[in-house]
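**Student:** data20.tsv is reproduced below (TSV, C-alpha atoms and all ligand atoms).
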chain	number	residue	atom	x	y	z
A	24	THR	CA	101.44	36.66	31.01
A	25	GLN	CA	99.81	33.92	33.03
A	26	SER	CA	101.01	30.35	32.53
A	27	THR	CA	98.49	27.55	31.99
A	28	ARG	CA	98.17	24.43	34.14
A	29	PRO	CA	99.64	22.21	31.39
A	30	GLN	CA	102.60	24.59	31.14
A	31	ARG	CA	103.15	24.38	34.92
A	32	LEU	CA	102.85	20.57	34.75
A	33	LEU	CA	105.54	20.52	32.01
A	34	GLY	CA	107.72	22.76	34.19
A	35	ALA	CA	107.44	20.25	37.03
A	36	VAL	CA	108.52	17.45	34.69
A	37	GLN	CA	111.53	19.42	33.39
A	38	LYS	CA	112.52	20.37	36.93
A	39	ASN	CA	112.00	17.05	38.73
A	40	ALA	CA	112.22	14.24	36.18
A	41	THR	CA	115.29	12.77	34.48
A	42	ARG	CA	115.39	12.95	30.68
A	43	GLY	CA	114.90	9.53	29.14
A	44	HIS	CA	113.43	7.98	32.29
A	45	PRO	CA	109.67	7.53	31.77
A	46	ARG	CA	109.05	6.37	35.35
A	47	SER	CA	110.54	9.62	36.74
A	48	VAL	CA	108.29	11.63	34.39
A	49	ILE	CA	105.19	9.76	35.67
A	50	GLN	CA	106.30	10.27	39.29
A	51	ALA	CA	106.93	14.00	38.73
A	52	ILE	CA	103.44	14.48	37.23
A	53	ASP	CA	101.72	12.48	39.98
A	54	HIS	CA	103.60	14.46	42.66
A	55	PHE	CA	102.64	17.76	40.99
A	56	CYS	CA	98.96	16.77	40.68
A	57	ARG	CA	98.72	15.39	44.21
A	58	ASN	CA	100.56	18.23	45.93
A	59	LYS	CA	100.26	21.30	43.72
A	60	GLU	CA	97.45	21.27	41.13
A	61	TRP	CA	94.94	18.56	40.26
A	62	ALA	CA	94.97	17.66	36.55
A	63	MET	CA	92.96	15.12	34.55
A	64	ASN	CA	95.69	12.51	34.00
A	65	VAL	CA	94.57	8.89	34.44
A	66	GLY	CA	96.77	9.02	37.58
A	67	ASP	CA	98.74	6.46	39.55
A	68	GLU	CA	95.93	4.23	40.84
A	69	LYS	CA	94.07	3.75	37.54
A	70	GLY	CA	97.50	3.94	35.86
A	71	CYS	CA	98.49	0.65	37.50
A	72	ILE	CA	95.39	-1.01	36.01
A	73	LEU	CA	96.31	0.50	32.61
A	74	ASP	CA	99.86	-0.86	33.00
A	75	SER	CA	98.60	-4.37	33.71
A	76	VAL	CA	96.29	-4.37	30.69
A	77	VAL	CA	99.10	-3.11	28.41
A	78	SER	CA	101.49	-5.78	29.73
A	79	GLU	CA	98.83	-8.49	29.32
A	80	VAL	CA	97.88	-7.45	25.75
A	81	SER	CA	101.47	-6.62	24.68
A	82	PRO	CA	99.97	-4.69	21.73
A	83	ALA	CA	101.75	-4.01	18.44
A	84	THR	CA	99.34	-1.17	17.60
A	85	VAL	CA	97.70	1.14	20.14
A	86	LEU	CA	95.28	4.04	19.63
A	87	GLU	CA	94.88	6.58	22.44
A	88	LEU	CA	91.95	9.00	22.19
A	89	GLY	CA	92.76	12.09	24.27
A	90	THR	CA	96.45	12.83	24.89
A	91	TYR	CA	96.08	15.81	27.25
A	92	CYS	CA	99.64	16.28	28.65
A	93	GLY	CA	100.90	12.87	27.60
A	94	TYR	CA	100.86	11.14	31.00
A	95	SER	CA	99.08	7.97	29.82
A	96	THR	CA	100.92	8.18	26.49
A	97	VAL	CA	104.23	7.86	28.39
A	98	ARG	CA	102.81	5.13	30.66
A	99	ILE	CA	101.69	3.05	27.68
A	100	ALA	CA	104.67	3.75	25.37
A	101	SER	CA	107.21	2.84	28.05
A	102	ARG	CA	105.62	-0.63	28.32
A	103	LEU	CA	105.28	-1.41	24.60
A	104	PRO	CA	107.26	-4.23	22.97
A	105	PRO	CA	109.98	-3.16	20.47
A	106	HIS	CA	108.63	-1.90	17.10
A	107	ALA	CA	105.16	-1.40	18.59
A	108	LYS	CA	103.41	1.86	17.68
A	109	LEU	CA	101.12	4.18	19.63
A	110	ILE	CA	99.00	6.74	17.79
A	111	THR	CA	97.52	9.36	20.12
A	112	LEU	CA	94.87	11.89	19.06
A	113	GLU	CA	94.48	15.29	20.73
A	114	PHE	CA	91.95	17.92	19.68
A	115	ASN	CA	93.35	20.81	21.75
A	116	PRO	CA	96.53	22.29	20.14
A	117	GLU	CA	97.69	23.77	23.48
A	118	PHE	CA	97.59	20.33	25.10
A	119	ALA	CA	99.38	18.85	22.06
A	120	VAL	CA	102.27	21.33	22.38
A	121	ILE	CA	102.79	20.32	26.03
A	122	ALA	CA	102.31	16.60	25.39
A	123	ARG	CA	105.00	16.55	22.67
A	124	GLN	CA	107.49	17.97	25.18
A	125	VAL	CA	106.50	15.56	27.96
A	126	ILE	CA	106.77	12.62	25.52
A	127	ALA	CA	110.20	13.86	24.35
A	128	TRP	CA	111.43	14.38	27.94
A	129	ALA	CA	110.49	10.77	28.70
A	130	GLY	CA	112.40	9.64	25.60
A	131	VAL	CA	109.51	7.61	24.12
A	132	GLU	CA	108.92	9.77	21.02
A	133	ASP	CA	110.09	6.96	18.68
A	134	LYS	CA	107.09	4.84	19.70
A	135	VAL	CA	104.54	7.64	19.61
A	136	GLN	CA	102.75	9.47	16.80
A	137	LEU	CA	100.78	12.42	18.19
A	138	VAL	CA	98.07	13.57	15.76
A	139	GLU	CA	96.21	16.84	16.26
A	140	GLY	CA	92.55	17.04	15.37
A	141	ALA	CA	89.13	15.54	16.00
A	142	SER	CA	88.84	11.78	16.53
A	143	GLY	CA	85.73	11.70	14.32
A	144	ASP	CA	87.74	13.12	11.43
A	145	TRP	CA	90.86	11.00	11.92
A	146	ILE	CA	89.43	7.54	12.69
A	147	PRO	CA	88.15	7.03	9.10
A	148	ARG	CA	91.59	7.97	7.77
A	149	MET	CA	93.75	5.75	10.01
A	150	LYS	CA	94.33	3.03	7.41
A	151	GLU	CA	95.28	5.27	4.45
A	152	GLN	CA	97.14	7.88	6.53
A	153	PHE	CA	99.12	5.71	8.97
A	154	GLY	CA	99.08	2.28	7.34
A	155	VAL	CA	97.18	0.82	10.29
A	156	LYS	CA	95.15	-2.35	9.67
A	157	THR	CA	93.57	-2.88	13.12
A	158	PHE	CA	94.30	-1.76	16.69
A	159	ASP	CA	95.19	-4.33	19.34
A	160	LEU	CA	94.40	-1.85	22.12
A	161	VAL	CA	92.40	1.41	22.24
A	162	PHE	CA	92.58	3.66	25.33
A	163	LEU	CA	89.56	6.00	25.45
A	164	ASP	CA	90.19	9.11	27.53
A	165	HIS	CA	88.84	11.99	25.46
A	166	TRP	CA	85.48	13.78	25.54
A	167	LYS	CA	83.11	11.44	27.34
A	168	ASP	CA	80.28	11.97	24.85
A	169	ARG	CA	82.59	10.81	22.04
A	170	TYR	CA	83.34	7.33	23.47
A	171	LEU	CA	80.25	5.70	21.93
A	172	PRO	CA	80.18	7.38	18.51
A	173	ASP	CA	83.91	6.83	18.06
A	174	THR	CA	83.62	3.16	19.07
A	175	LYS	CA	80.87	2.64	16.48
A	176	LEU	CA	83.03	4.50	13.94
A	177	MET	CA	86.02	2.22	14.67
A	178	GLU	CA	83.76	-0.82	14.14
A	179	GLU	CA	82.45	0.59	10.86
A	180	CYS	CA	85.97	1.43	9.61
A	181	GLY	CA	87.16	-2.12	10.34
A	182	LEU	CA	89.76	-0.91	12.84
A	183	LEU	CA	88.82	-3.56	15.42
A	184	ARG	CA	89.55	-7.26	15.04
A	185	LYS	CA	88.42	-10.30	17.05
A	186	GLY	CA	90.22	-9.82	20.39
A	187	SER	CA	90.86	-6.06	20.13
A	188	ILE	CA	90.72	-4.50	23.61
A	189	LEU	CA	88.97	-1.22	24.43
A	190	LEU	CA	90.01	0.31	27.77
A	191	ALA	CA	87.91	3.32	28.78
A	192	ASP	CA	88.76	5.85	31.50
A	193	ASN	CA	86.16	7.76	33.58
A	194	VAL	CA	83.23	5.43	33.05
A	195	ILE	CA	81.87	6.56	36.47
A	196	CYS	CA	83.30	10.07	36.87
A	197	PRO	CA	82.61	12.15	34.83
A	198	GLY	CA	80.81	9.08	33.43
A	199	THR	CA	80.03	7.65	30.03
A	200	PRO	CA	76.57	6.07	30.51
A	201	ASP	CA	75.67	5.51	26.85
A	202	TYR	CA	79.07	3.91	26.15
A	203	LEU	CA	78.82	1.64	29.22
A	204	GLU	CA	75.30	0.53	28.31
A	205	TYR	CA	76.48	-0.27	24.78
A	206	VAL	CA	79.60	-2.34	25.56
A	207	ARG	CA	77.90	-4.13	28.49
A	208	ASN	CA	74.79	-5.12	26.50
A	209	SER	CA	76.15	-5.65	23.00
A	210	PRO	CA	76.74	-9.31	22.04
A	211	ARG	CA	79.86	-8.10	20.20
A	212	TYR	CA	81.72	-7.21	23.42
A	213	GLU	CA	82.77	-8.97	26.61
A	214	SER	CA	83.12	-6.23	29.27
A	215	GLN	CA	84.72	-6.03	32.70
A	216	TYR	CA	84.71	-3.13	35.19
A	217	PHE	CA	87.85	-2.28	37.20
A	218	LYS	CA	86.73	-0.25	40.20
A	219	SER	CA	89.13	2.50	41.24
A	220	HIS	CA	89.11	6.22	42.09
A	221	LEU	CA	89.14	9.48	40.18
A	222	GLU	CA	92.80	10.46	39.83
A	223	TYR	CA	94.31	11.96	43.00
A	224	THR	CA	90.94	11.81	44.87
A	225	LYS	CA	88.74	9.46	46.93
A	226	VAL	CA	85.84	9.80	44.48
A	227	GLU	CA	84.81	6.52	42.82
A	228	ASP	CA	85.77	6.04	39.20
A	229	GLY	CA	86.92	3.09	37.15
A	230	LEU	CA	88.12	1.63	33.88
A	231	GLU	CA	85.95	-0.53	31.63
A	232	LYS	CA	87.82	-3.19	29.65
A	233	SER	CA	85.88	-4.51	26.66
A	234	VAL	CA	87.03	-7.26	24.29
A	235	PHE	CA	85.66	-6.97	20.74
A	236	LEU	CA	84.36	-10.40	19.73
A	237	GLY	CA	84.26	-9.70	15.98
B	301	LIG	C1	88.86	19.68	27.80
B	301	LIG	N1	89.17	18.28	27.63
B	301	LIG	C2	90.15	17.79	26.87
B	301	LIG	N2	90.15	16.45	26.98
B	301	LIG	C3	89.14	16.11	27.78
B	301	LIG	C4	88.76	14.72	28.11
B	301	LIG	N3	88.98	14.32	29.50
B	301	LIG	C5	88.10	14.67	30.44
B	301	LIG	O1	87.17	15.40	30.18
B	301	LIG	C6	88.33	14.19	31.85
B	301	LIG	C7	87.69	14.88	32.90
B	301	LIG	C8	87.88	14.48	34.23
B	301	LIG	C9	87.21	15.21	35.33
B	301	LIG	C10	87.09	16.60	35.28
B	301	LIG	C11	86.47	17.28	36.32
B	301	LIG	C12	85.96	16.57	37.40
B	301	LIG	F1	85.37	17.25	38.42
B	301	LIG	C13	86.06	15.20	37.45
B	301	LIG	C14	86.69	14.52	36.43
B	301	LIG	C15	88.72	13.39	34.53
B	301	LIG	C16	89.34	12.71	33.49
B	301	LIG	O2	90.16	11.64	33.74
B	301	LIG	C17	89.15	13.09	32.16
B	301	LIG	O3	89.77	12.36	31.17
B	301	LIG	C18	88.51	17.25	28.23
B	302	MG	MG	90.48	10.49	32.01
If you took the structure in this file and wrote it as structure tokens, what would it be?
Ligand SMILES: Cn1cnc(CNC(=O)c2cc(-c3ccc(F)cc3)cc(O)c2O)c1
Ligand SMILES: [Mg+2]

**Tutor:**
Amino acid sequence: TQSTRPQRLLGAVQKNATRGHPRSVIQAIDHFCRNKEWAMNVGDEKGCILDSVVSEVSPATVLELGTYCGYSTVRIASRLPPHAKLITLEFNPEFAVIARQVIAWAGVEDKVQLVEGASGDWIPRMKEQFGVKTFDLVFLDHWKDRYLPDTKLMEECGLLRKGSILLADNVICPGTPDYLEYVRNSPRYESQYFKSHLEYTKVEDGLEKSVFLG
């Protein structure tokens, strides 16, 4: 039977990366996506911007919306301070199966809780289910039409505190126009655009960093 692209990406990690070395896992995925098959990881260029935001925020609690194969999960988890926790939500069970193995290969599974299901269902249950009070950092990288409703839901559920950072991928390509309009015009956010490129291409894309002002 035919393998899927996520399965082939995992194969490249297991073949070319060293267990327990997150950087080698990231390099193996980037090499695979640049030279073999494009895949929708945040990638190395936008990944460096993600790294700098994670290092600057040094978050104790992180929420990632959209795990896919776990590339950004590994990037973030490998830069978290000790005892910090990353909860990552993935709707697609096939992606989740691959991501768990990529996360384990990188050796960051102790910092990561991968939850399968819809963000709209899980966000209201974060506090009771995972003992989370608020998130210091949220990385939005799931369905682009869910960025805005899920952001409003996080506000309503009290999951954001003064100073919480939202970092959103793909605000240009594929684009999240309603989300951008909201965070750039709402008095409750201070937003900044980091111009970059769509992973592994020359197409413009970027990350939007928005600070929740409370
Ligand atoms: C099915 N699915 C499960 N999760 C998701 C959420 N992610 C995306 O949709 C996504 C899409 C693209 C992209 C795709 C085609 C294209 F031509 C240009 C860009 C890039 C990304 O970085 C993304 O995060 C989709
Ligand atoms: Mg993306």

**Student:** For the point (91.2, 11.6, 46.3) in file coordinates, what residues are within 12 Å, counting all atoms listed in the file? Give the answer as a PyMOL selection string?

**Tutor:** chain A and resi 56-58+61+66-68+219-228

**Student:** Can you pull out the residues contacting Met177 of chain A? Cut-off 8 Å, using only C-alpha atoms, and skip same-chain residues under 6 positions away; I want them as JSON, numbers by chain.

**Tutor:** {"A": [146, 147, 183]}

**Student:** So the first atom is atom CA of Leu86 of chain A and the second is atom CA of Tyr216 of chain A; what is the distance between them in Å, to one decimal place?

**Tutor:**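 Distance reported for this atom pair: 20.1 Å.
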
**Student:** Could you list, as JSON, numbers by chain, all protein and nucleic acid residues with an atom at most 6 Å from ligand MG 302 (chain B), counting all atoms listed in the file?

**Tutor:** {"A": [63, 64, 65, 164, 192, 193]}

**Student:** Just the selected residues (C-alpha atoms), exported as a tab-separated table (two decimals), in the coordinates of the input, please.

**Tutor:**
chain	number	residue	atom	x	y	z
A	63	MET	CA	92.96	15.12	34.55
A	64	ASN	CA	95.69	12.51	34.00
A	65	VAL	CA	94.57	8.89	34.44
A	164	ASP	CA	90.19	9.11	27.53
A	192	ASP	CA	88.76	5.85	31.50
A	193	ASN	CA	86.16	7.76	33.58

**Student:** Take atom CA of Val48 of chain A and atom CA of Val125 of chain A and report the distance between them in Å, one decimal.

**Tutor:**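 One can read the atom CA of Val48 of chain A to atom CA of Val125 of chain A distance as 7.7 Å.
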
**Student:** Which of these, A:Leu236, A:Ile126, A:Cys196, A:Ala119, has the shortest distance to ligand LIG 301 (chain B) once you count only C-alpha atoms and all ligand atoms?

**Tutor:**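 Smallest separation from ligand LIG 301 (chain B) among the options: A:Cys196.
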
**Student:** Just want the 12 Å neighbourhood of Pro210 of chain A, counted on all atoms listed in the file, with same-chain residues fewer than 2 positions away dropped. Output as a PyMOL selection string.

**Tutor:** chain A and resi 204-208+212-214+233-237

**Student:** Tell me which protein, DNA and RNA residues are within 12 Å of Val155 of chain A, counting all atoms listed in the file, leaving out same-chain ones fewer than 6 positions away, and put them as a PyMOL selection string.

**Tutor:** chain A and resi 83-86+107-110+146-149+180-183

**Student:** So the first atom is atom CA of Glu117 of chain A and the second is atom CA of Ser26 of chain A; what is the distance between them in Å, to one decimal place?

**Tutor:**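 Here the two named atoms are 11.7 Å from each other.
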
**Student:** Name the closest residue to ligand LIG 301 (chain B) among the candidates A:Asn39, A:Ser209, A:Gln215, A:Thr199; distances are taken between atoms, counting only C-alpha atoms and all ligand atoms.

**Tutor:**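 With only C-alpha atoms and all ligand atoms as the atom set, the closest residue is A:Thr199.
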
**Student:** For Thr27 of chain A, which residue out of A:Gly198, A:Ala141, A:Arg46, A:Phe118 is the nearest one, using all atoms listed in the file?

**Tutor:** A:Phe118

**Student:** Of the candidates A:Arg211, A:Leu112, A:Gly70, A:Arg31, which one gets nearest to Asp144 of chain A if we count only C-alpha atoms?

**Tutor:**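 The closest residue to Asp144 of chain A is A:Leu112.
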
**Student:** Need to verify the contact set: Gln30 of chain A, 10 Å, all atoms listed in the file, exclusion of same-chain residues closer than 6 positions in sequence. Can you return it as a count of residues only?

**Tutor:** 7

**Student:** Starting from the sparse input, extend segment 207-218 of chain A to all heavy atoms and give the output as a CSV table (one decimal), in the coordinates of the input.

**Tutor:**
chain,number,residue,atom,x,y,z
A,207,ARG,N,78.3,-3.1,27.5
A,207,ARG,CA,77.9,-4.1,28.5
A,207,ARG,C,76.7,-5.0,28.0
A,207,ARG,O,76.5,-6.1,28.4
A,207,ARG,CB,77.5,-3.5,29.8
A,207,ARG,CG,78.7,-3.0,30.6
A,207,ARG,CD,78.3,-2.3,31.9
A,207,ARG,NE,79.6,-1.9,32.7
A,207,ARG,CZ,79.6,-1.2,33.8
A,207,ARG,NH1,78.4,-0.8,34.3
A,207,ARG,NH2,80.7,-1.0,34.4
A,208,ASN,N,76.0,-4.4,27.0
A,208,ASN,CA,74.8,-5.1,26.5
A,208,ASN,C,74.9,-5.6,25.1
A,208,ASN,O,74.1,-6.5,24.6
A,208,ASN,CB,73.6,-4.2,26.6
A,208,ASN,CG,73.2,-3.9,28.0
A,208,ASN,OD1,73.1,-4.8,28.9
A,208,ASN,ND2,73.2,-2.6,28.3
A,209,SER,N,76.0,-5.2,24.4
A,209,SER,CA,76.2,-5.6,23.0
A,209,SER,C,76.7,-7.1,23.0
A,209,SER,O,77.7,-7.3,23.7
A,209,SER,CB,77.1,-4.7,22.2
A,209,SER,OG,77.6,-5.4,21.1
A,210,PRO,N,76.2,-8.0,22.2
A,210,PRO,CA,76.7,-9.3,22.0
A,210,PRO,C,78.1,-9.3,21.4
A,210,PRO,O,78.8,-10.3,21.4
A,210,PRO,CB,75.7,-10.0,21.2
A,210,PRO,CG,75.0,-9.0,20.4
A,210,PRO,CD,75.0,-7.8,21.3
A,211,ARG,N,78.6,-8.2,20.9
A,211,ARG,CA,79.9,-8.1,20.2
A,211,ARG,C,81.0,-7.8,21.2
A,211,ARG,O,82.1,-7.6,20.7
A,211,ARG,CB,79.8,-7.1,19.1
A,211,ARG,CG,78.7,-7.3,18.1
A,211,ARG,CD,78.8,-6.3,16.9
A,211,ARG,NE,79.8,-6.7,16.0
A,211,ARG,CZ,80.2,-5.9,14.9
A,211,ARG,NH1,79.5,-4.8,14.7
A,211,ARG,NH2,81.1,-6.3,14.1
A,212,TYR,N,80.7,-7.5,22.4
A,212,TYR,CA,81.7,-7.2,23.4
A,212,TYR,C,81.6,-8.1,24.7
A,212,TYR,O,80.5,-8.4,25.1
A,212,TYR,CB,81.6,-5.7,23.8
A,212,TYR,CG,82.0,-4.8,22.7
A,212,TYR,CD1,81.0,-4.3,21.8
A,212,TYR,CD2,83.3,-4.4,22.5
A,212,TYR,CE1,81.4,-3.4,20.8
A,212,TYR,CE2,83.7,-3.6,21.5
A,212,TYR,CZ,82.7,-3.1,20.6
A,212,TYR,OH,83.1,-2.2,19.6
A,213,GLU,N,82.7,-8.3,25.3
A,213,GLU,CA,82.8,-9.0,26.6
A,213,GLU,C,83.4,-7.9,27.5
A,213,GLU,O,84.6,-7.5,27.3
A,213,GLU,CB,83.6,-10.2,26.6
A,213,GLU,CG,83.7,-10.9,27.9
A,213,GLU,CD,82.4,-11.3,28.5
A,213,GLU,OE1,81.5,-11.8,27.7
A,213,GLU,OE2,82.1,-11.1,29.7
A,214,SER,N,82.7,-7.4,28.5
A,214,SER,CA,83.1,-6.2,29.3
A,214,SER,C,83.4,-6.6,30.7
A,214,SER,O,82.8,-7.5,31.3
A,214,SER,CB,82.1,-5.1,29.2
A,214,SER,OG,82.4,-4.2,28.3
A,215,GLN,N,84.3,-5.8,31.3
A,215,GLN,CA,84.7,-6.0,32.7
A,215,GLN,C,85.0,-4.7,33.3
A,215,GLN,O,85.8,-3.9,32.7
A,215,GLN,CB,86.0,-6.9,32.7
A,215,GLN,CG,86.5,-7.3,34.1
A,215,GLN,CD,87.8,-8.1,33.9
A,215,GLN,OE1,88.3,-8.4,32.9
A,215,GLN,NE2,88.3,-8.6,35.1
A,216,TYR,N,84.5,-4.4,34.5
A,216,TYR,CA,84.7,-3.1,35.2
A,216,TYR,C,85.8,-3.3,36.2
A,216,TYR,O,85.8,-4.2,37.0
A,216,TYR,CB,83.4,-2.7,35.9
A,216,TYR,CG,83.5,-1.4,36.7
A,216,TYR,CD1,84.0,-0.2,36.1
A,216,TYR,CD2,83.2,-1.4,38.0
A,216,TYR,CE1,84.1,1.0,36.9
A,216,TYR,CE2,83.3,-0.2,38.8
A,216,TYR,CZ,83.8,0.9,38.2
A,216,TYR,OH,83.9,2.1,39.0
A,217,PHE,N,86.8,-2.3,36.2
A,217,PHE,CA,87.8,-2.3,37.2
A,217,PHE,C,87.6,-1.1,38.1
A,217,PHE,O,87.9,0.1,37.7
A,217,PHE,CB,89.2,-2.2,36.5
A,217,PHE,CG,89.6,-3.4,35.8
A,217,PHE,CD1,89.1,-3.7,34.5
A,217,PHE,CD2,90.4,-4.4,36.3
A,217,PHE,CE1,89.5,-4.8,33.8
A,217,PHE,CE2,90.8,-5.5,35.7
A,217,PHE,CZ,90.3,-5.8,34.4
A,218,LYS,N,87.1,-1.3,39.3
A,218,LYS,CA,86.7,-0.2,40.2
A,218,LYS,C,88.0,0.4,40.7
A,218,LYS,O,89.0,-0.3,41.0
A,218,LYS,CB,85.9,-0.9,41.4
A,218,LYS,CG,85.3,0.1,42.4
A,218,LYS,CD,84.5,-0.7,43.4
A,218,LYS,CE,83.6,0.1,44.3
A,218,LYS,NZ,84.2,1.0,45.2
